[in-house]
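> Data: start-v9.txt, compact mmCIF, C-alpha atoms and all ligand atoms.
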# COMPACT_ATOMS: atom_id res chain seq x y z
CA MET R 34 14.74 -8.13 -21.22
CA ALA R 35 14.54 -8.35 -17.43
CA PRO R 36 15.88 -5.22 -15.76
CA ASN R 37 18.76 -4.95 -13.34
CA LEU R 38 16.79 -3.94 -10.25
CA ASP R 39 19.80 -2.25 -8.64
CA ASP R 40 20.26 0.05 -11.60
CA ALA R 41 17.82 2.98 -11.79
CA LYS R 42 18.43 3.48 -15.51
CA SER R 43 17.72 -0.13 -16.33
CA VAL R 44 14.49 -0.09 -14.28
CA PHE R 45 13.40 3.18 -15.94
CA GLU R 46 14.06 1.74 -19.39
CA PHE R 47 12.09 -1.42 -18.65
CA VAL R 48 9.13 0.18 -16.88
CA VAL R 49 8.73 3.52 -18.60
CA LYS R 50 10.32 3.32 -22.04
CA GLU R 51 9.47 -0.27 -22.94
CA GLY R 52 6.09 0.12 -21.24
CA ASN R 53 6.32 -3.04 -19.14
CA GLY R 54 5.02 -0.97 -16.26
CA ILE R 55 5.15 -1.95 -12.62
CA LYS R 56 3.03 -4.92 -13.53
CA GLY R 57 5.93 -6.13 -15.67
CA LEU R 58 8.25 -5.73 -12.71
CA VAL R 59 5.92 -7.54 -10.34
CA ASP R 60 5.36 -10.32 -12.85
CA SER R 61 9.12 -10.71 -13.23
CA GLY R 62 9.06 -11.84 -9.59
CA LEU R 63 10.43 -9.04 -7.49
CA SER R 64 10.43 -9.26 -3.72
CA LYS R 65 11.32 -5.69 -2.79
CA VAL R 66 10.74 -2.41 -4.58
CA PRO R 67 13.68 -1.00 -6.55
CA ALA R 68 15.28 2.17 -5.15
CA VAL R 69 13.67 4.44 -7.78
CA TYR R 70 10.30 3.71 -6.17
CA VAL R 71 11.33 4.57 -2.63
CA GLN R 72 9.72 7.92 -1.77
CA PRO R 73 11.30 10.48 0.53
CA PRO R 74 9.60 10.16 3.96
CA ASN R 75 7.58 13.37 3.57
CA GLU R 76 5.92 12.04 0.40
CA ARG R 77 4.73 8.78 1.97
CA ILE R 78 1.33 8.25 3.55
CA ASP R 79 1.67 7.15 7.13
CA LYS R 80 -1.39 5.06 7.95
CA GLU R 81 -0.92 5.83 11.62
CA ASN R 82 -1.55 9.49 10.85
CA ALA R 83 -4.82 8.93 9.04
CA ILE R 84 -8.45 8.97 10.07
CA LYS R 85 -11.36 7.45 8.16
CA LEU R 86 -14.03 9.75 6.82
CA GLU R 87 -17.13 8.01 8.08
CA LEU R 88 -19.60 10.47 6.52
CA PRO R 89 -22.54 8.66 4.93
CA PRO R 90 -22.68 8.95 1.13
CA ILE R 91 -25.00 11.61 -0.27
CA ASP R 92 -28.17 10.22 -1.87
CA LEU R 93 -28.53 12.04 -5.18
CA SER R 94 -31.95 10.56 -5.98
CA LYS R 95 -33.33 13.07 -3.47
CA LEU R 96 -32.09 16.01 -5.54
CA ASP R 97 -35.08 15.67 -7.82
CA GLY R 98 -37.71 15.64 -5.07
CA PRO R 99 -38.83 17.39 -1.89
CA GLY R 100 -35.53 16.49 -0.21
CA HIS R 101 -33.65 18.74 -2.64
CA ASP R 102 -32.60 21.46 -0.21
CA ALA R 103 -31.23 19.11 2.42
CA VAL R 104 -29.17 17.22 -0.16
CA ALA R 105 -27.95 20.43 -1.76
CA GLU R 106 -26.83 21.55 1.67
CA GLN R 107 -24.81 18.35 2.16
CA ILE R 108 -23.11 18.79 -1.22
CA VAL R 109 -22.22 22.41 -0.54
CA ARG R 110 -20.95 21.64 2.95
CA ALA R 111 -18.69 18.85 1.67
CA ALA R 112 -17.32 21.01 -1.15
CA GLU R 113 -16.55 23.82 1.31
CA THR R 114 -14.76 21.63 3.82
CA VAL R 115 -13.04 18.42 2.75
CA GLY R 116 -13.55 18.98 -0.98
CA PHE R 117 -14.35 15.25 -1.29
CA PHE R 118 -17.63 13.39 -0.86
CA GLN R 119 -19.27 10.16 -1.97
CA VAL R 120 -22.58 9.77 -3.75
CA VAL R 121 -25.09 6.95 -4.22
CA ASN R 122 -28.13 6.74 -6.49
CA HIS R 123 -25.98 8.76 -8.85
CA GLY R 124 -27.58 7.57 -12.05
CA VAL R 125 -24.56 5.59 -13.26
CA PRO R 126 -25.90 2.03 -13.64
CA LEU R 127 -24.53 -0.34 -10.98
CA HIS R 128 -23.87 -3.16 -13.45
CA LEU R 129 -21.70 -0.69 -15.34
CA LEU R 130 -19.58 -0.03 -12.25
CA GLU R 131 -18.84 -3.74 -12.04
CA SER R 132 -17.95 -4.06 -15.70
CA LEU R 133 -15.71 -1.00 -15.51
CA LYS R 134 -13.61 -2.58 -12.75
CA ASP R 135 -13.47 -5.89 -14.64
CA THR R 136 -12.51 -4.08 -17.83
CA ALA R 137 -9.66 -2.29 -16.07
CA HIS R 138 -8.28 -5.56 -14.68
CA LYS R 139 -8.60 -7.23 -18.07
CA PHE R 140 -6.91 -4.37 -19.89
CA PHE R 141 -3.89 -4.29 -17.58
CA GLY R 142 -3.72 -8.07 -17.80
CA LEU R 143 -3.29 -7.92 -21.60
CA PRO R 144 0.09 -8.85 -23.07
CA LEU R 145 2.55 -5.96 -23.18
CA GLU R 146 2.34 -5.39 -26.93
CA ARG R 147 -1.39 -4.70 -26.75
CA LYS R 148 -0.86 -1.89 -24.21
CA ALA R 149 2.53 -0.52 -25.24
CA VAL R 150 1.12 0.59 -28.58
CA TYR R 151 -0.45 3.45 -26.64
CA LEU R 152 2.84 4.66 -25.06
CA ALA R 153 2.99 8.40 -25.63
CA PRO R 154 5.73 8.50 -28.30
CA VAL R 155 4.08 5.84 -30.49
CA SER R 156 0.37 6.04 -29.70
CA PRO R 157 -1.72 5.89 -32.89
CA SER R 158 -3.96 8.58 -31.40
CA PRO R 159 -3.20 11.84 -29.61
CA LEU R 160 -6.32 11.13 -27.55
CA VAL R 161 -4.96 7.98 -25.89
CA THR R 162 -1.89 7.59 -23.67
CA TYR R 163 -0.71 4.57 -21.75
CA GLY R 164 1.98 5.02 -19.15
CA THR R 165 3.15 4.50 -15.64
CA SER R 166 4.14 7.41 -13.47
CA TYR R 167 2.72 10.87 -14.15
CA LEU R 168 5.85 12.71 -15.36
CA PRO R 169 8.53 10.03 -14.89
CA GLU R 170 11.32 12.23 -16.21
CA LYS R 171 10.66 14.86 -13.56
CA GLU R 172 9.67 12.91 -10.48
CA LYS R 173 12.10 12.33 -7.65
CA ALA R 174 10.75 8.82 -7.14
CA LEU R 175 8.32 7.03 -9.44
CA GLY R 176 4.69 6.22 -8.67
CA TRP R 177 3.66 2.58 -8.25
CA LYS R 178 0.95 2.45 -10.87
CA GLY R 179 0.00 2.14 -14.50
CA TYR R 180 -2.66 4.08 -16.39
CA ILE R 181 -4.38 4.58 -19.69
CA LEU R 182 -5.83 8.03 -20.26
CA MET R 183 -8.40 8.84 -22.93
CA GLN R 184 -9.54 12.27 -23.98
CA TYR R 185 -13.12 12.76 -25.02
CA THR R 186 -14.18 15.05 -27.79
CA ASP R 187 -17.29 13.36 -29.15
CA ASP R 188 -18.79 9.87 -29.30
CA ASP R 189 -17.64 9.12 -32.84
CA GLN R 190 -14.04 10.04 -32.06
CA ALA R 191 -14.12 8.05 -28.84
CA LEU R 192 -15.32 4.97 -30.71
CA GLN R 193 -12.72 5.48 -33.38
CA HIS R 194 -9.70 6.33 -31.18
CA TRP R 195 -10.15 4.63 -27.80
CA PRO R 196 -9.00 1.00 -27.58
CA GLU R 197 -11.71 -1.20 -28.98
CA GLU R 198 -11.81 -3.61 -26.06
CA ILE R 199 -12.73 -0.82 -23.62
CA ASN R 200 -14.44 2.00 -25.52
CA GLY R 201 -18.06 0.86 -25.07
CA VAL R 202 -18.19 0.72 -21.26
CA LEU R 203 -16.03 3.80 -20.84
CA LEU R 204 -18.22 5.87 -23.08
CA GLU R 205 -21.33 4.77 -21.22
CA TYR R 206 -19.61 5.59 -17.90
CA MET R 207 -18.62 9.01 -19.12
CA LYS R 208 -22.03 9.91 -20.49
CA SER R 209 -23.98 8.91 -17.40
CA SER R 210 -21.44 10.60 -15.12
CA ILE R 211 -21.65 13.87 -17.00
CA VAL R 212 -25.39 14.08 -16.35
CA MET R 213 -24.59 13.80 -12.64
CA VAL R 214 -21.72 16.31 -12.82
CA LYS R 215 -24.07 18.86 -14.33
CA LYS R 216 -26.54 18.36 -11.47
CA LEU R 217 -23.78 18.80 -8.90
CA LEU R 218 -22.46 21.92 -10.60
CA ARG R 219 -25.94 23.38 -10.71
CA VAL R 220 -26.18 22.98 -6.93
CA LEU R 221 -22.70 24.36 -6.29
CA LEU R 222 -23.00 27.34 -8.63
CA GLU R 223 -26.53 28.29 -7.61
CA ASN R 224 -25.35 28.30 -4.01
CA ILE R 225 -22.87 31.06 -4.81
CA GLY R 226 -25.48 33.09 -6.62
CA VAL R 227 -24.69 32.12 -10.19
CA LYS R 228 -27.63 31.51 -12.43
CA PHE R 229 -27.25 28.08 -13.97
CA ASP R 230 -27.05 28.21 -17.70
CA ASP R 231 -26.46 25.18 -19.91
CA SER R 232 -24.20 26.94 -22.38
CA MET R 233 -21.95 28.18 -19.59
CA ILE R 234 -21.66 24.65 -18.17
CA ASP R 235 -20.90 23.24 -21.59
CA VAL R 236 -17.88 25.55 -21.72
CA LEU R 237 -16.82 24.90 -18.12
CA ILE R 238 -16.83 21.15 -18.62
CA GLY R 239 -16.24 21.16 -22.37
CA LYS R 240 -13.11 19.06 -22.00
CA LYS R 241 -13.33 15.58 -20.52
CA MET R 242 -10.95 12.72 -19.90
CA VAL R 243 -11.39 9.26 -18.48
CA ALA R 244 -8.61 7.07 -17.12
CA MET R 245 -8.21 3.53 -15.91
CA ILE R 246 -5.54 3.28 -13.24
CA PHE R 247 -3.96 0.06 -12.06
CA TYR R 248 -2.02 -0.11 -8.79
CA PRO R 249 -0.22 -3.46 -8.69
CA THR R 250 0.31 -5.24 -5.39
CA CYS R 251 3.38 -3.75 -3.79
CA PRO R 252 5.90 -5.61 -1.62
CA ASN R 253 6.76 -2.45 0.42
CA PRO R 254 3.69 -0.19 0.43
CA ASP R 255 5.01 1.83 3.37
CA VAL R 256 7.74 3.41 1.26
CA THR R 257 6.01 3.79 -2.13
CA ILE R 258 3.19 5.95 -3.38
CA GLY R 259 0.62 5.07 -6.05
CA ILE R 260 -0.06 8.68 -7.02
CA GLY R 261 1.80 11.47 -5.26
CA ARG R 262 0.16 14.47 -3.60
CA HIS R 263 -1.74 16.60 -6.08
CA SER R 264 -4.99 18.39 -6.63
CA ASP R 265 -6.99 17.81 -9.83
CA ILE R 266 -6.91 20.64 -12.33
CA GLY R 267 -10.44 20.87 -13.70
CA MET R 268 -13.92 21.45 -12.28
CA LEU R 269 -15.15 18.23 -10.66
CA THR R 270 -13.64 14.74 -10.74
CA VAL R 271 -15.77 11.60 -10.58
CA LEU R 272 -13.95 8.51 -9.33
CA LEU R 273 -14.88 4.88 -9.21
CA GLN R 274 -12.63 3.01 -6.81
CA ASP R 275 -12.74 -0.71 -6.08
CA GLU R 276 -12.99 -2.32 -2.64
CA VAL R 277 -9.25 -2.26 -1.90
CA GLY R 278 -8.95 1.33 -0.64
CA GLY R 279 -5.94 3.62 -0.51
CA LEU R 280 -7.25 7.08 -1.41
CA TYR R 281 -6.25 9.74 1.13
CA VAL R 282 -6.99 13.46 1.38
CA LYS R 283 -4.55 15.78 3.08
CA ILE R 284 -5.93 17.56 6.12
CA GLU R 285 -5.32 21.27 5.94
CA GLU R 286 -4.89 23.49 8.99
CA ALA R 287 -8.36 24.89 8.56
CA MET R 288 -10.04 21.48 8.72
CA LYS R 289 -9.17 21.03 12.40
CA TYR R 290 -9.72 17.33 12.93
CA GLU R 291 -7.85 15.40 15.57
CA LYS R 292 -4.62 17.21 16.15
CA LYS R 293 -2.26 14.52 15.09
CA ALA R 294 -3.97 13.32 11.93
CA GLU R 295 -2.45 14.31 8.62
CA TRP R 296 -4.69 12.38 6.23
CA ILE R 297 -8.32 11.43 5.84
CA GLU R 298 -8.96 8.11 4.19
CA ILE R 299 -11.82 7.99 1.69
CA PRO R 300 -13.00 4.42 2.27
CA PRO R 301 -14.56 2.36 -0.50
CA ILE R 302 -18.37 2.27 -0.23
CA PRO R 303 -20.20 -0.32 -2.33
CA ASP R 304 -22.02 1.20 -5.34
CA ALA R 305 -20.82 4.72 -4.52
CA LEU R 306 -18.79 7.15 -6.58
CA VAL R 307 -16.29 9.59 -5.13
CA ILE R 308 -16.59 13.25 -6.17
CA ASN R 309 -13.95 15.86 -5.63
CA VAL R 310 -13.64 19.57 -6.22
CA ALA R 311 -10.80 20.45 -8.59
CA ASP R 312 -8.69 23.61 -9.00
CA MET R 313 -10.89 25.52 -11.49
CA LEU R 314 -13.93 25.24 -9.25
CA GLN R 315 -11.83 26.56 -6.38
CA VAL R 316 -10.80 29.56 -8.50
CA LEU R 317 -14.29 30.26 -9.89
CA SER R 318 -15.74 30.12 -6.38
CA ASN R 319 -12.98 32.47 -5.16
CA GLY R 320 -11.73 29.78 -2.79
CA LYS R 321 -15.08 28.85 -1.25
CA TYR R 322 -14.97 25.31 -2.61
CA LYS R 323 -11.82 23.36 -1.80
CA SER R 324 -9.76 21.49 -4.33
CA ALA R 325 -8.17 19.14 -1.85
CA GLU R 326 -4.72 17.66 -2.06
CA HIS R 327 -4.90 13.89 -2.32
CA ALA R 328 -2.73 10.84 -2.93
CA VAL R 329 -3.00 7.07 -3.22
CA ARG R 330 -1.27 4.54 -1.00
CA ASN R 331 -0.35 1.11 -2.32
CA THR R 332 -1.21 -2.17 -0.62
CA SER R 333 0.68 -5.41 -0.28
CA THR R 334 -2.31 -7.68 -0.47
CA LYS R 335 -4.23 -6.84 -3.61
CA SER R 336 -3.90 -4.86 -6.78
CA ARG R 337 -6.29 -1.91 -6.99
CA VAL R 338 -8.11 -0.29 -9.91
CA SER R 339 -9.73 3.12 -10.08
CA LEU R 340 -11.43 5.02 -12.90
CA PRO R 341 -11.42 8.81 -12.68
CA ILE R 342 -13.34 11.10 -15.02
CA PHE R 343 -11.88 14.59 -15.19
CA THR R 344 -14.16 17.40 -16.30
CA MET R 345 -12.51 20.67 -17.22
CA PRO R 346 -13.00 23.84 -19.23
CA ILE R 347 -12.19 24.19 -22.90
CA GLU R 348 -8.56 25.42 -23.19
CA THR R 349 -9.38 28.94 -24.37
CA THR R 350 -11.87 29.60 -21.55
CA LYS R 351 -10.92 32.57 -19.41
CA ILE R 352 -11.03 31.53 -15.79
CA ALA R 353 -11.36 33.97 -12.91
CA PRO R 354 -13.40 34.16 -9.70
CA LEU R 355 -17.04 34.66 -10.69
CA PRO R 356 -18.25 38.27 -10.30
CA GLN R 357 -21.14 37.23 -8.04
CA VAL R 358 -18.69 35.84 -5.47
CA VAL R 359 -16.14 38.60 -5.80
CA GLU R 360 -18.84 41.15 -5.17
CA LYS R 361 -19.87 39.38 -2.03
CA ASP R 362 -16.32 38.75 -0.81
CA GLY R 363 -15.14 42.25 -1.71
CA ILE R 364 -11.93 40.87 -3.19
CA ALA R 365 -10.79 38.49 -5.94
CA ASN R 366 -8.39 35.91 -4.56
CA TYR R 367 -7.18 34.77 -7.99
CA ARG R 368 -6.27 36.46 -11.26
CA GLU R 369 -7.75 35.75 -14.69
CA PHE R 370 -6.02 33.30 -17.04
CA PRO R 371 -6.92 31.02 -19.96
CA PHE R 372 -7.42 27.45 -18.72
CA GLY R 373 -4.97 26.14 -21.35
CA ASP R 374 -2.14 28.12 -19.73
CA TYR R 375 -2.96 26.61 -16.36
CA MET R 376 -2.93 23.13 -17.81
CA ASN R 377 0.40 23.62 -19.58
CA ASN R 378 1.91 24.86 -16.36
CA VAL R 379 0.70 21.81 -14.42
CA PHE R 380 1.86 19.34 -17.03
CA THR R 381 5.42 20.66 -17.04
CA ASN R 382 5.97 20.28 -13.30
CA ALA R 383 6.23 17.21 -11.10
CA LEU R 384 3.40 16.64 -8.63
CA ASP R 385 3.74 18.86 -5.61
CA GLY R 386 0.50 19.09 -3.73
CA LYS R 387 -1.45 22.25 -4.28
CA LYS R 388 1.50 24.24 -5.63
CA SER R 389 -0.20 24.15 -9.03
CA LEU R 390 -2.74 26.70 -7.76
CA ASP R 391 0.02 29.27 -7.22
CA PHE R 392 -0.26 29.89 -10.95
CA ALA R 393 -3.69 31.41 -10.38
CA LYS R 394 -2.59 33.71 -7.58
CA PHE R 395 -1.71 37.37 -8.04
CA SER R 396 2.05 37.74 -8.19
O1 LIG M 401 -6.95 6.25 -7.80
C1 LIG M 401 -7.47 7.08 -7.09
O2 LIG M 401 -8.17 6.76 -6.12
C2 LIG M 401 -7.24 8.55 -7.31
C3 LIG M 401 -6.67 8.91 -8.61
C4 LIG M 401 -6.37 10.36 -8.75
O3 LIG M 401 -6.31 11.09 -7.80
C5 LIG M 401 -6.15 10.96 -10.08
O4 LIG M 401 -6.01 10.22 -11.05
O5 LIG M 401 -6.13 12.20 -10.17
FE FE M 402 -6.54 13.14 -8.41
Translate this file's structure into structure tokens.

Amino acid sequence: MAPNLDDAKSVFEFVVKEGNGIKGLVDSGLSKVPAVYVQPPNERIDKENAIKLELPPIDLSKLDGPGHDAVAEQIVRAAETVGFFQVVNHGVPLHLLESLKDTAHKFFGLPLERKAVYLAPVSPSPLVTYGTSYLPEKEKALGWKGYILMQYTDDDQALQHWPEEINGVLLEYMKSSIVMVKKLLRVLLENIGVKFDDSMIDVLIGKKMVAMIFYPTCPNPDVTIGIGRHSDIGMLTVLLQDEVGGLYVKIEEAMKYEKKAEWIEIPPIPDALVINVADMLQVLSNGKYKSAEHAVRNTSTKSRVSLPIFTMPIETTKIAPLPQVVEKDGIANYREFPFGDYMNNVFTNALDGKKSLDFAKFS
């Protein structure tokens, strides 16, 4: 049933509970966003306060040759400053990038009943969740997006549990991206004096998830947010974004760009993937690598898709700043905790920038 757009409860029921999503709202012909989507001014992304990050993408093909050191240096520098960078010649086949974006559009274009089966309370698999906002029950204003999130354990389970129409390309995307993630982690860990060891990496990125996110066209993008300010919880995130744009990274005091700017836009670059440092890599590196706060702005002209891959430790892994760094720094900036506790803490709170990292601080 069409919702009463002036009634927050009715909109919530229609979008979240019935799973019609924002797409359902947009398709029902709305001309202005309902009040539950209007963000408080401090949560919006003001385009006037943003600068574009014009850094050229890092060419990963050079990692395997004589150019290794120069490329490693670029990766380290980016991880220490913005916490975000883009890569090309990353080893993920370019035709795959195109089919991933097509697949995402096709999936969100499916009739409601094909998607709503994966709504959290009814999903046939604990590995697959379809939804809209991140924690709709807890957020002050909802995010203007839809998503389907799939957890990876092994190939057989992925093929068995993930929706049939999308499992093939997603699995291929995940597998080729993981090879790249390992190369990046090798560079980042070796730089802080940690000897790279395959079994250690397998634990540190033992848990993986892939999502397809759909940001429908929005009639009032100045007042909404696609995804609110947050940092990612794991080690490294790989993100494929389409040509629409809208990903912004918060500028911290220490970054010292133009005085007025508050955000850096990460512009779409053809054939590139975006990489960002997540919270656990910040903790392990004792704060050397930056898990940057980021958010997504909506647009009024086109719907946008993005496909993040989150790599994170196995739940029972004890996370703490690595001894090699602590020795050098003379102090540990974070305490030790099992990754699972960190994750539970994040998933019970609404998005609030980098507040999630407070959990890892000494009390
Ligand atoms: O859609 C994007 O560009 C970013 C998505 C994101 O930050 C996330 O899912 O954690
Ligand atoms: Fe994110």
> At a cut-off of 9 Å, can you tabulate as JSON lines every residue of chain R near ligand LIG 401 (chain M) together with its closest atom pair and the distance in Å to one decimal, using all atoms listed in the file and ordering rows by chain then number?

{"residue": "R:Tyr180", "atom": "CA", "partner": "M:LIG401", "partner_atom": "O4", "distance": 8.8}
{"residue": "R:Ala244", "atom": "CA", "partner": "M:LIG401", "partner_atom": "O4", "distance": 7.3}
{"residue": "R:Met245", "atom": "CA", "partner": "M:LIG401", "partner_atom": "O4", "distance": 8.6}
{"residue": "R:Ile246", "atom": "CA", "partner": "M:LIG401", "partner_atom": "O1", "distance": 6.4}
{"residue": "R:Phe247", "atom": "CA", "partner": "M:LIG401", "partner_atom": "O1", "distance": 8.1}
{"residue": "R:Tyr248", "atom": "CA", "partner": "M:LIG401", "partner_atom": "O1", "distance": 8.1}
{"residue": "R:Gly259", "atom": "CA", "partner": "M:LIG401", "partner_atom": "O1", "distance": 7.9}
{"residue": "R:Ile260", "atom": "CA", "partner": "M:LIG401", "partner_atom": "O3", "distance": 6.7}
{"residue": "R:Gly261", "atom": "CA", "partner": "M:LIG401", "partner_atom": "O3", "distance": 8.5}
{"residue": "R:Arg262", "atom": "CA", "partner": "M:LIG401", "partner_atom": "O3", "distance": 8.4}
{"residue": "R:His263", "atom": "CA", "partner": "M:LIG401", "partner_atom": "O3", "distance": 7.4}
{"residue": "R:Ser264", "atom": "CA", "partner": "M:LIG401", "partner_atom": "O5", "distance": 7.2}
{"residue": "R:Asp265", "atom": "CA", "partner": "M:LIG401", "partner_atom": "O5", "distance": 5.7}
{"residue": "R:Ile266", "atom": "CA", "partner": "M:LIG401", "partner_atom": "O5", "distance": 8.7}
{"residue": "R:Thr270", "atom": "CA", "partner": "M:LIG401", "partner_atom": "O5", "distance": 7.9}
{"residue": "R:Leu272", "atom": "CA", "partner": "M:LIG401", "partner_atom": "O2", "distance": 6.8}
{"residue": "R:Leu273", "atom": "CA", "partner": "M:LIG401", "partner_atom": "O2", "distance": 7.6}
{"residue": "R:Gln274", "atom": "CA", "partner": "M:LIG401", "partner_atom": "O2", "distance": 5.9}
{"residue": "R:Asp275", "atom": "CA", "partner": "M:LIG401", "partner_atom": "O2", "distance": 8.8}
{"residue": "R:Gly278", "atom": "CA", "partner": "M:LIG401", "partner_atom": "O2", "distance": 7.8}
{"residue": "R:Gly279", "atom": "CA", "partner": "M:LIG401", "partner_atom": "O2", "distance": 6.8}
{"residue": "R:Leu280", "atom": "CA", "partner": "M:LIG401", "partner_atom": "O2", "distance": 4.8}
{"residue": "R:Tyr281", "atom": "CA", "partner": "M:LIG401", "partner_atom": "O2", "distance": 8.1}
{"residue": "R:Ile299", "atom": "CA", "partner": "M:LIG401", "partner_atom": "O2", "distance": 8.7}
{"residue": "R:Val307", "atom": "CA", "partner": "M:LIG401", "partner_atom": "O2", "distance": 8.7}
{"residue": "R:Glu326", "atom": "CA", "partner": "M:LIG401", "partner_atom": "O3", "distance": 8.9}
{"residue": "R:His327", "atom": "CA", "partner": "M:LIG401", "partner_atom": "O3", "distance": 6.3}
{"residue": "R:Ala328", "atom": "CA", "partner": "M:LIG401", "partner_atom": "O3", "distance": 6.0}
{"residue": "R:Val329", "atom": "CA", "partner": "M:LIG401", "partner_atom": "C1", "distance": 5.9}
{"residue": "R:Arg330", "atom": "CA", "partner": "M:LIG401", "partner_atom": "O2", "distance": 8.9}
{"residue": "R:Arg337", "atom": "CA", "partner": "M:LIG401", "partner_atom": "O1", "distance": 8.2}
{"residue": "R:Val338", "atom": "CA", "partner": "M:LIG401", "partner_atom": "O1", "distance": 7.0}
{"residue": "R:Ser339", "atom": "CA", "partner": "M:LIG401", "partner_atom": "O1", "distance": 4.8}
{"residue": "R:Leu340", "atom": "CA", "partner": "M:LIG401", "partner_atom": "O1", "distance": 6.9}
{"residue": "R:Pro341", "atom": "CA", "partner": "M:LIG401", "partner_atom": "O4", "distance": 5.8}
{"residue": "R:Ile342", "atom": "CA", "partner": "M:LIG401", "partner_atom": "O4", "distance": 8.4}
{"residue": "R:Phe343", "atom": "CA", "partner": "M:LIG401", "partner_atom": "O5", "distance": 8.0}
> How would the residues just chosen look if you wrote them out with C-alpha atoms as an mmCIF file, in the coordinates of the input?

data_model
loop_
_atom_site.group_PDB
_atom_site.id
_atom_site.type_symbol
_atom_site.label_atom_id
_atom_site.label_comp_id
_atom_site.auth_asym_id
_atom_site.auth_seq_id
_atom_site.Cartn_x
_atom_site.Cartn_y
_atom_site.Cartn_z
ATOM 1 C CA TYR R 180 -2.660 4.080 -16.390
ATOM 2 C CA ALA R 244 -8.610 7.070 -17.120
ATOM 3 C CA MET R 245 -8.210 3.530 -15.910
ATOM 4 C CA ILE R 246 -5.540 3.280 -13.240
ATOM 5 C CA PHE R 247 -3.960 0.060 -12.060
ATOM 6 C CA TYR R 248 -2.020 -0.110 -8.790
ATOM 7 C CA GLY R 259 0.620 5.070 -6.050
ATOM 8 C CA ILE R 260 -0.060 8.680 -7.020
ATOM 9 C CA GLY R 261 1.800 11.470 -5.260
ATOM 10 C CA ARG R 262 0.160 14.470 -3.600
ATOM 11 C CA HIS R 263 -1.740 16.600 -6.080
ATOM 12 C CA SER R 264 -4.990 18.390 -6.630
ATOM 13 C CA ASP R 265 -6.990 17.810 -9.830
ATOM 14 C CA ILE R 266 -6.910 20.640 -12.330
ATOM 15 C CA THR R 270 -13.640 14.740 -10.740
ATOM 16 C CA LEU R 272 -13.950 8.510 -9.330
ATOM 17 C CA LEU R 273 -14.880 4.880 -9.210
ATOM 18 C CA GLN R 274 -12.630 3.010 -6.810
ATOM 19 C CA ASP R 275 -12.740 -0.710 -6.080
ATOM 20 C CA GLY R 278 -8.950 1.330 -0.640
ATOM 21 C CA GLY R 279 -5.940 3.620 -0.510
ATOM 22 C CA LEU R 280 -7.250 7.080 -1.410
ATOM 23 C CA TYR R 281 -6.250 9.740 1.130
ATOM 24 C CA ILE R 299 -11.820 7.990 1.690
ATOM 25 C CA VAL R 307 -16.290 9.590 -5.130
ATOM 26 C CA GLU R 326 -4.720 17.660 -2.060
ATOM 27 C CA HIS R 327 -4.900 13.890 -2.320
ATOM 28 C CA ALA R 328 -2.730 10.840 -2.930
ATOM 29 C CA VAL R 329 -3.000 7.070 -3.220
ATOM 30 C CA ARG R 330 -1.270 4.540 -1.000
ATOM 31 C CA ARG R 337 -6.290 -1.910 -6.990
ATOM 32 C CA VAL R 338 -8.110 -0.290 -9.910
ATOM 33 C CA SER R 339 -9.730 3.120 -10.080
ATOM 34 C CA LEU R 340 -11.430 5.020 -12.900
ATOM 35 C CA PRO R 341 -11.420 8.810 -12.680
ATOM 36 C CA ILE R 342 -13.340 11.100 -15.020
ATOM 37 C CA PHE R 343 -11.880 14.590 -15.190
#
> Which residues, written as a list in words, have at least one atom at most 12 Å from R:Leu96, with all atoms listed in the file counted and residues fewer than 2 positions away on the same chain left out?
Ile91, Asp92, Leu93, Ser94, Gly98, Pro99, Gly100, His101, Asp102, Ala103, Val104, Ala105, Glu106, Gln107, Ile108, Val120, Val121, Asn122, His123, Gly124, Met213, Lys216, Leu217, Arg219 and Val220 of chain R
> For atom CA of R:Gly373 and atom CA of R:Val359, determine how far apart the two atoms are, in Å to one decimal place.
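Separation between atom CA of R:Gly373 and atom CA of R:Val359: 22.8 Å.
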> Please provide as a PyMOL selection string all residues within 8 Å of stretch 146-157 of chain R, with the sequence filter that same-chain residues fewer than 6 positions apart are discarded (counting all atoms listed in the file).
chain R and resi 51-53+140+163-164
> Tell me, in Å to one decimal, how far atom CA of R:Gln193 is from atom CA of R:Lys208.
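Separation between atom CA of R:Gln193 and atom CA of R:Lys208: 16.5 Å.
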> Give me the residues within 7 Å of R:Asn309 as a VMD selection string, counting all atoms listed in the file and dropping any in the same chain fewer than 4 places off.
chain R and resid 116 to 118 269 to 271
> Print the selection's residues with C-alpha atoms to a file, as a CSV table (one decimal), in the frame of the given file.

chain,number,residue,atom,x,y,z
R,116,GLY,CA,-13.6,19.0,-1.0
R,117,PHE,CA,-14.4,15.2,-1.3
R,118,PHE,CA,-17.6,13.4,-0.9
R,269,LEU,CA,-15.2,18.2,-10.7
R,270,THR,CA,-13.6,14.7,-10.7
R,271,VAL,CA,-15.8,11.6,-10.6
> Taking all atoms listed in the file into account, name the residue in R:Gly267, R:Phe372, R:Ile302, R:Phe395 that is nearest to ligand FE 402 (chain M).
R:Gly267
> For the atom pair atom CA of R:Ala325 and atom CA of R:Ala311, what is the interatomic distance in Å to one decimal place?
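So the answer is 7.4 Å.
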> Let me make sure I understand: among R:His194, R:Lys173, R:Lys361, R:Arg110, which one has the smallest atom-to-atom distance to R:Val310 if we use all atoms listed in the file?
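Ranked by minimum distance to R:Val310, first place goes to R:Arg110.
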